[in-house]
file run.cif (mmCIF, C-alpha atoms)
data_coords
loop_
_atom_site.label_atom_id
_atom_site.label_comp_id
_atom_site.auth_asym_id
_atom_site.auth_seq_id
_atom_site.Cartn_x
_atom_site.Cartn_y
_atom_site.Cartn_z
CA MET A 7 0.00 0.00 0.00
CA SER A 8 1.57 3.30 -1.03
CA ILE A 9 1.10 6.78 0.32
CA LYS A 10 0.50 9.46 -2.27
CA LEU A 11 0.75 13.19 -1.62
CA THR A 12 -0.50 15.35 -4.46
CA ILE A 13 0.33 19.04 -4.50
CA HIS A 14 -2.29 20.90 -6.52
CA SER A 15 -0.90 24.40 -6.04
CA ILE A 16 1.66 26.29 -3.96
CA ASN A 17 1.38 29.80 -2.57
CA THR A 18 4.94 31.04 -2.00
CA THR A 19 3.73 34.20 -0.27
CA SER A 20 1.94 32.38 2.53
CA ASN A 21 4.13 29.25 2.46
CA SER A 22 1.09 27.09 1.95
CA ALA A 23 -0.16 24.54 -0.53
CA ILE A 24 -3.39 22.92 -1.62
CA MET A 25 -2.72 19.21 -1.17
CA SER A 26 -4.38 15.80 -1.11
CA LEU A 27 -3.10 12.77 0.77
CA TYR A 28 -4.05 9.15 0.16
CA ASP A 29 -2.91 6.01 1.97
CA GLY A 30 -3.75 3.27 -0.50
CA ASN A 31 -7.51 3.44 -0.93
CA ASN A 32 -7.95 5.60 2.16
CA ILE A 33 -8.53 9.30 1.55
CA LEU A 34 -6.77 11.12 4.40
CA PHE A 35 -7.62 14.59 3.07
CA GLU A 36 -8.42 16.14 -0.29
CA ARG A 37 -7.57 19.62 -1.55
CA LYS A 38 -6.73 20.93 1.87
CA ASN A 39 -4.88 24.22 2.31
CA THR A 40 -1.90 23.48 4.56
CA GLU A 41 1.14 25.44 5.70
CA ILE A 42 4.28 23.81 4.32
CA HIS A 43 8.03 24.24 4.59
CA MET A 44 9.65 25.67 1.47
CA ASN A 45 13.19 25.59 0.18
CA PRO A 46 15.04 28.95 0.13
CA ASP A 47 14.55 29.09 -3.64
CA GLY A 48 10.76 28.92 -3.25
CA THR A 49 10.32 25.30 -4.29
CA ALA A 50 8.54 22.72 -2.15
CA ASN A 51 10.77 20.99 0.40
CA THR A 52 10.22 17.38 -0.59
CA GLU A 53 12.07 15.97 2.45
CA TRP A 54 9.73 17.86 4.76
CA LEU A 55 6.70 16.84 2.70
CA LYS A 56 7.73 13.17 2.95
CA LEU A 57 8.08 13.47 6.71
CA TYR A 58 4.72 15.27 6.93
CA ALA A 59 3.02 12.55 4.85
CA LYS A 60 4.68 9.86 6.97
CA TYR A 61 3.57 11.35 10.30
CA PHE A 62 0.04 12.07 9.09
CA SER A 63 -0.42 8.60 7.57
CA PHE A 64 1.07 6.81 10.57
CA HIS A 65 -1.24 8.68 12.91
CA LYS A 66 -4.28 7.80 10.80
CA ARG A 67 -3.18 4.16 10.57
CA LEU A 68 -3.07 4.00 14.37
CA ILE A 69 -6.57 5.49 14.56
CA ARG A 70 -7.89 2.94 12.04
CA LEU A 71 -6.21 0.14 14.01
CA ASP A 72 -7.77 1.42 17.22
CA ARG A 73 -11.23 1.50 15.64
CA GLN A 74 -10.85 -2.02 14.27
CA GLU A 75 -10.13 -3.41 17.72
CA GLU A 76 -13.23 -4.32 19.65
CA ASP A 77 -13.70 -2.71 23.04
CA LEU A 78 -13.05 -4.99 26.01
CA LEU A 79 -15.60 -3.13 28.11
CA MET B 13 -4.02 -4.79 25.98
CA ARG B 14 -5.68 -3.20 28.97
CA GLN B 15 -8.73 -1.02 28.61
CA ASN B 16 -10.04 1.18 31.40
CA LYS B 17 -13.52 2.44 32.09
CA PHE B 18 -14.31 5.21 34.57
CA ILE B 19 -17.68 5.84 36.18
CA VAL B 20 -18.18 8.66 38.64
CA THR B 21 -21.25 8.34 40.83
CA LYS B 22 -22.49 10.85 43.37
CA ASP B 23 -20.22 9.49 46.07
CA HIS B 24 -17.82 7.04 44.44
CA LEU B 25 -15.39 6.55 41.59
CA ILE B 26 -15.51 3.16 39.88
CA ILE B 27 -12.50 2.14 37.81
CA ILE B 28 -12.61 -1.04 35.75
CA ALA B 29 -9.61 -2.52 33.96
CA ALA B 30 -10.15 -5.25 31.37
CA SER B 31 -7.32 -7.29 29.91
CA ASN B 32 -7.17 -9.71 27.00
CA GLU B 33 -3.55 -10.86 27.32
CA VAL B 34 -1.49 -12.59 29.99
CA GLY B 35 0.97 -10.07 31.45
CA ASP B 36 -1.17 -6.96 31.15
CA GLU B 37 -0.53 -4.57 34.01
CA LEU B 38 -3.85 -3.95 35.77
CA TRP B 39 -2.61 -1.86 38.67
CA ALA B 40 0.82 -0.63 39.67
CA GLY B 41 0.25 1.48 42.72
CA ASN B 42 0.73 5.05 41.46
CA LEU B 43 4.43 4.79 42.24
CA GLU B 44 5.31 8.20 40.89
CA TYR B 45 3.07 9.88 43.48
CA ARG B 46 4.16 7.99 46.59
CA ARG B 47 5.81 10.99 48.20
CA PHE B 48 2.35 12.46 48.72
CA SER B 49 0.36 11.21 51.66
CA PRO B 50 -2.28 8.60 50.90
CA ASP B 51 -5.72 9.97 51.64
CA ILE B 52 -8.95 8.33 52.75
CA LYS B 53 -9.69 7.32 49.18
CA THR B 54 -6.51 5.33 48.70
CA THR B 55 -6.72 3.67 52.10
CA ASN B 56 -10.27 2.39 51.87
CA THR B 57 -10.44 0.99 48.37
CA ILE B 58 -12.56 -2.03 47.50
CA GLY B 59 -11.18 -4.17 44.70
CA PHE B 60 -12.99 -6.91 42.82
CA LEU B 61 -11.98 -9.52 40.28
CA LEU B 62 -14.93 -10.29 38.00
CA SER B 63 -13.31 -12.69 35.56
CA GLY B 64 -9.99 -14.36 34.86
CA SER B 65 -7.06 -14.59 37.22
CA VAL B 66 -4.24 -12.39 38.53
CA ASN B 67 -1.01 -12.37 40.48
CA SER B 68 -0.57 -9.62 43.03
CA PHE B 69 2.60 -8.15 44.49
CA MET B 70 3.72 -5.83 47.30
CA ASN B 71 6.38 -3.22 46.66
CA THR B 72 8.94 -3.21 49.48
CA SER B 73 11.08 -0.37 48.17
CA ASP B 74 10.67 3.14 49.53
CA ASP B 75 11.96 4.93 46.48
CA GLY B 76 11.93 2.43 43.63
CA GLU B 77 10.40 -0.91 42.73
CA ASN B 78 11.14 -4.17 44.55
CA TRP B 79 8.12 -6.38 44.11
CA VAL B 80 7.43 -9.39 46.31
CA HIS B 81 4.78 -11.89 45.36
CA TYR B 82 1.71 -11.58 47.56
CA LYS B 83 -1.18 -13.75 46.27
CA SER B 84 -2.41 -15.56 43.20
CA ALA B 85 -6.13 -15.21 42.74
CA ASP B 86 -8.97 -16.46 40.56
CA SER B 87 -12.31 -14.78 40.03
CA PRO B 88 -14.71 -14.13 41.58
CA LEU B 89 -12.94 -12.32 44.37
CA MET B 90 -13.37 -9.16 46.38
CA LEU B 91 -10.71 -7.52 48.49
CA ILE B 92 -10.43 -4.48 50.70
CA ARG B 93 -6.97 -3.07 51.02
CA LYS B 94 -5.60 -0.63 53.49
CA ASN B 95 -3.31 0.81 50.87
CA PHE B 96 -3.20 0.30 47.12
CA THR B 97 -0.18 2.54 46.70
CA ASN B 98 2.47 -0.16 46.96
CA PHE B 99 0.33 -2.86 45.43
CA GLY B 100 0.62 -4.35 41.95
CA ILE B 101 -1.68 -6.61 39.97
CA VAL B 102 -0.91 -8.40 36.70
CA SER B 103 -3.27 -10.47 34.58
CA THR B 104 -2.53 -14.19 34.35
CA SER B 105 -5.38 -14.99 31.97
CA ASN B 106 -6.56 -13.78 28.57
CA ASN B 107 -9.88 -12.56 29.88
CA THR B 108 -9.47 -10.64 33.11
CA ILE B 109 -11.66 -7.90 34.49
CA PHE B 110 -10.52 -6.12 37.63
CA GLY B 111 -12.30 -3.20 39.21
CA SER B 112 -12.14 -0.93 42.19
CA ILE B 113 -14.54 1.33 44.03
CA LEU B 114 -13.10 4.43 45.64
CA GLU B 115 -14.75 7.03 47.80
CA LYS B 116 -15.02 10.44 46.18
CA ASP B 117 -14.58 12.29 49.45
CA MET B 118 -11.12 13.83 49.78
CA ASP B 119 -10.33 12.97 46.16
CA PHE B 120 -8.61 16.27 45.60
CA SER B 121 -6.35 16.07 48.62
CA GLY B 122 -3.11 14.20 49.13
CA LEU B 123 -2.05 11.56 46.65
CA GLY B 124 -5.40 11.29 44.88
CA GLY B 125 -5.49 15.02 44.36
CA MET B 126 -2.10 15.02 42.69
CA ILE B 127 -3.26 12.42 40.19
CA LEU B 128 -6.68 13.85 39.44
CA SER B 129 -5.89 17.54 39.39
CA GLN B 130 -3.33 17.05 36.64
CA ASN B 131 -5.79 15.26 34.42
CA MET B 132 -8.88 17.44 34.63
CA ASN B 133 -9.80 20.93 33.57
CA ASP B 134 -12.03 23.13 35.73
CA THR B 135 -15.25 22.05 33.99
CA GLU B 136 -14.43 18.37 34.40
CA LYS B 137 -13.46 18.95 38.03
CA GLU B 138 -16.77 20.69 38.67
CA ARG B 139 -18.74 17.80 37.18
CA TYR B 140 -16.60 15.23 38.98
CA THR B 141 -17.23 16.78 42.37
CA SER B 142 -20.95 17.22 41.75
CA SER B 143 -23.10 15.45 44.30
CA THR B 144 -26.00 15.17 41.87
CA ASP B 145 -24.44 13.93 38.61
CA THR B 146 -23.25 10.51 37.53
CA ILE B 147 -20.66 10.48 34.77
CA ASN B 148 -19.78 7.57 32.54
CA VAL B 149 -16.59 8.53 30.74
CA GLU B 150 -17.20 7.63 27.11
CA ASN B 151 -13.60 7.28 25.98
CA LYS B 152 -11.99 4.08 27.16
CA CYS B 153 -8.24 4.32 26.77
CA LYS B 154 -6.26 1.31 25.58
CA VAL B 155 -2.95 0.68 27.29
CA HIS B 156 -0.19 -1.68 26.23
CA GLU B 157 1.88 -2.03 29.42
CA LYS B 158 3.24 -5.41 30.40
CA ARG B 159 4.59 -6.91 33.60
CA ASN B 160 6.36 -10.20 34.23
CA THR B 161 3.65 -12.40 35.78
CA GLN B 162 6.11 -14.00 38.26
CA THR B 163 8.21 -11.00 39.33
CA PHE B 164 6.09 -7.98 38.32
CA ASP B 165 9.17 -6.51 36.60
CA TYR B 166 8.21 -3.98 33.94
CA VAL B 167 8.45 -5.39 30.44
CA TYR B 168 9.74 -2.66 28.14
CA MET B 169 8.04 -2.44 24.78
CA SER B 170 9.70 -0.87 21.76
CA ASP B 171 8.58 2.68 20.99
CA LEU B 172 6.36 3.40 18.05
CA ASP B 173 8.53 4.28 15.07
CA ILE B 174 7.16 6.08 12.04
CA ASN B 175 10.06 4.75 10.00
CA ILE B 176 8.25 1.43 9.67
CA ILE B 177 6.85 3.40 6.73
CA PRO B 178 9.85 3.54 4.37
CA ASP B 179 10.49 6.66 2.29
CA THR B 180 10.08 4.53 -0.81
CA GLU B 181 6.42 4.02 0.11
CA ILE B 182 5.73 7.75 -0.21
CA GLU B 183 5.03 9.25 -3.60
CA ILE B 184 4.92 13.01 -4.06
CA GLU B 185 3.24 14.35 -7.16
CA VAL B 186 3.17 18.01 -8.20
CA GLU B 187 0.39 18.91 -10.62
#

call {"tool": "encode", "arguments": {"input": "run.cif", "output": "C-alpha cells"}}
result
Amino acid sequence: MSIKLTIHSINTTSNSAIMSLYDGNNILFERKNTEIHMNPDGTANTEWLKLYAKYFSFHKRLIRLDRQEEDLL
Amino acid sequence: MRQNKFIVTKDHLIIIAASNEVGDELWAGNLEYRRFSPDIKTTNTIGFLLSGSVNSFMNTSDDGENWVHYKSADSPLMLIRKNFTNFGIVSTSNNTIFGSILEKDMDFSGLGGMILSQNMNDTEKERYTSSTDTINVENKCKVHEKRNTQTFDYVYMSDLDINIIPDTEIEIEVE
C-alpha cells in the first residue's frame, strides 16, 4: 500500500499549498490548504513533505487500528 | 491490551480494567506519586476480580520498585486493602476484568489530588465533584503495558517508530 501526496498548487507568499493525501484506498484529506516548509529558492521541500506525509499517515493508521479493535468493556 | 472504564457516581469513583492478554498490568500502585500522603480514598479501596485470574505483588522499596509476590487469585474475588499505593496486579489470563470502588470524598487532597488535578480541567473537576451527577466517561483508553507475571518486573516495549513506513512508500506528485 503506497502513500501518495498530491500538490495541486503552492502559494509562496503564505508558504502554503493545496494538497491531497491518500494512503492506498484511504482518503486522508483532499484539496486541503496546509502550511508547508519551502526551500530557500521557493520550491517545495520534498524531504519535509515526505516526513509530513509519513507522520500524518502513521497517525491515521493508528486510529484505524484502534477502531478495528473491539472494546473490552 | 488493557482497557479502562471510569464511572463517577455521586459518592464514588468506579475504575474497571479489562485485559485480553497474559501479562497486562492492571494496577501498579501510582508509584510516581508515593511521596504524597495517601488519603482516605486510597486507604479504603474495594477491589474486585470479575473474571480471569491475577497475580498480586507488594512493593517493598521506599523509592523504587522491589516487588514481592503476595497472592495468586482467581475470580470471583473481592478484596479491601488498606493501601493500594504499593500494590501491583498483573493479569494471568486472557480474559481478566478487575475493578475498584473508591470514595469520592477527599479525592482532591493528598495523593489522589495530585493524580486527578493534573488530568482534569475546571469544567471536568466541577462535574466530577458534583453530588447530583453521575458520569460515565465515554472514551476508554487502551494501554499496552506489560509486567512479568512472576516478578512484576516492567516489560519494556519498543517505541512506536514512524520509520516502519519507508520513504520509498511515499510518492509526491506536483500537478

call {"tool": "atom_distance", "arguments": {"input": "run.cif", "atom1": "atom CA of B:Asn32", "atom2": "atom CA of B:Asn107"}}
result
4.9 Å

call {"tool": "atom_distance", "arguments": {"input": "run.cif", "atom1": "atom CA of A:Lys60", "atom2": "atom CA of B:Ile184"}}
result
11.5 Å

call {"tool": "closest_atom_pairs", "arguments": {"input": "run.cif", "of": "chain B", "to": "chain A", "cutoff": "7 Å", "atoms": "all atoms listed in the file", "output": "tab-separated table"}}
result
residue	atom	partner	partner_atom	distance
B:Gln15	CA	A:Leu78	CA	6.4
B:Ala30	CA	A:Leu78	CA	6.1
B:Ile174	CA	A:Phe64	CA	6.3
B:Ile177	CA	A:Lys60	CA	6.8
B:Glu181	CA	A:Ser8	CA	5.0
B:Ile182	CA	A:Ile9	CA	4.8
B:Glu183	CA	A:Lys10	CA	4.7
B:Ile184	CA	A:Leu11	CA	4.8
B:Glu185	CA	A:Thr12	CA	4.7
B:Val186	CA	A:Ile13	CA	4.8
B:Glu187	CA	A:His14	CA	5.3

call {"tool": "residues_around", "arguments": {"input": "run.cif", "residues": "stretch 85-101 of chain B", "least_positions_apart": "5", "cutoff": "6 Å", "atoms": "all atoms listed in the file", "output": "number ranges by chain"}}
result
B: 38-42, 54-71

call {"tool": "closest_residue", "arguments": {"input": "run.cif", "among": "B:Asn106, B:Asp36, B:Leu114, B:Lys152", "to": "A:Arg73", "atoms": "all atoms listed in the file"}}
result
B:Lys152

call {"tool": "closest_residue", "arguments": {"input": "run.cif", "among": "A:Thr49, A:Lys38, A:Asn31, A:Leu68", "to": "A:Thr19", "atoms": "all atoms listed in the file"}}
result
A:Thr49

call {"tool": "atom_distance", "arguments": {"input": "run.cif", "atom1": "atom CA of B:Asn131", "atom2": "atom CA of B:Thr144"}}
result
21.5 Å

call {"tool": "axis_aligned_box", "arguments": {"input": "run.cif", "around": "stretch 36-39 of chain B", "padding_each_side": "5 Å", "output": "AutoDock Vina command-line options"}}
result
--center_x -2.2 --center_y -4.4 --center_z 34.9 --size_x 13.3 --size_y 15.1 --size_z 17.5

call {"tool": "resolve_selection", "arguments": {"input": "run.cif", "expression": "the PyMOL selection byres ((chain A and resi 44) around 10)", "output": "VMD selection string"}}
result
chain A and resid 16 18 21 to 22 41 to 43 45 to 52 54 to 55

call {"tool": "residues_around", "arguments": {"input": "run.cif", "residues": "B:Glu136", "least_positions_apart": "4", "cutoff": "12 Å", "atoms": "all atoms listed in the file", "output": "list of chain:residue names"}}
result
B:Val20, B:Leu128, B:Ser129, B:Gln130, B:Asn131, B:Met132, B:Tyr140, B:Thr141, B:Ser142, B:Asp145, B:Ile147, B:Val149

call {"tool": "resolve_selection", "arguments": {"input": "run.cif", "expression": "the PyMOL selection byres ((chain B and resi 24) around 10)", "output": "ChimeraX atom specification"}}
result
/B:19-23,25-27,53,113-117,119,140-141,143,146

call {"tool": "resolve_selection", "arguments": {"input": "run.cif", "expression": "the PyMOL selection byres ((chain B and resi 34) around 7)", "output": "PyMOL selection string"}}
result
chain B and resi 33+35-36+103-106
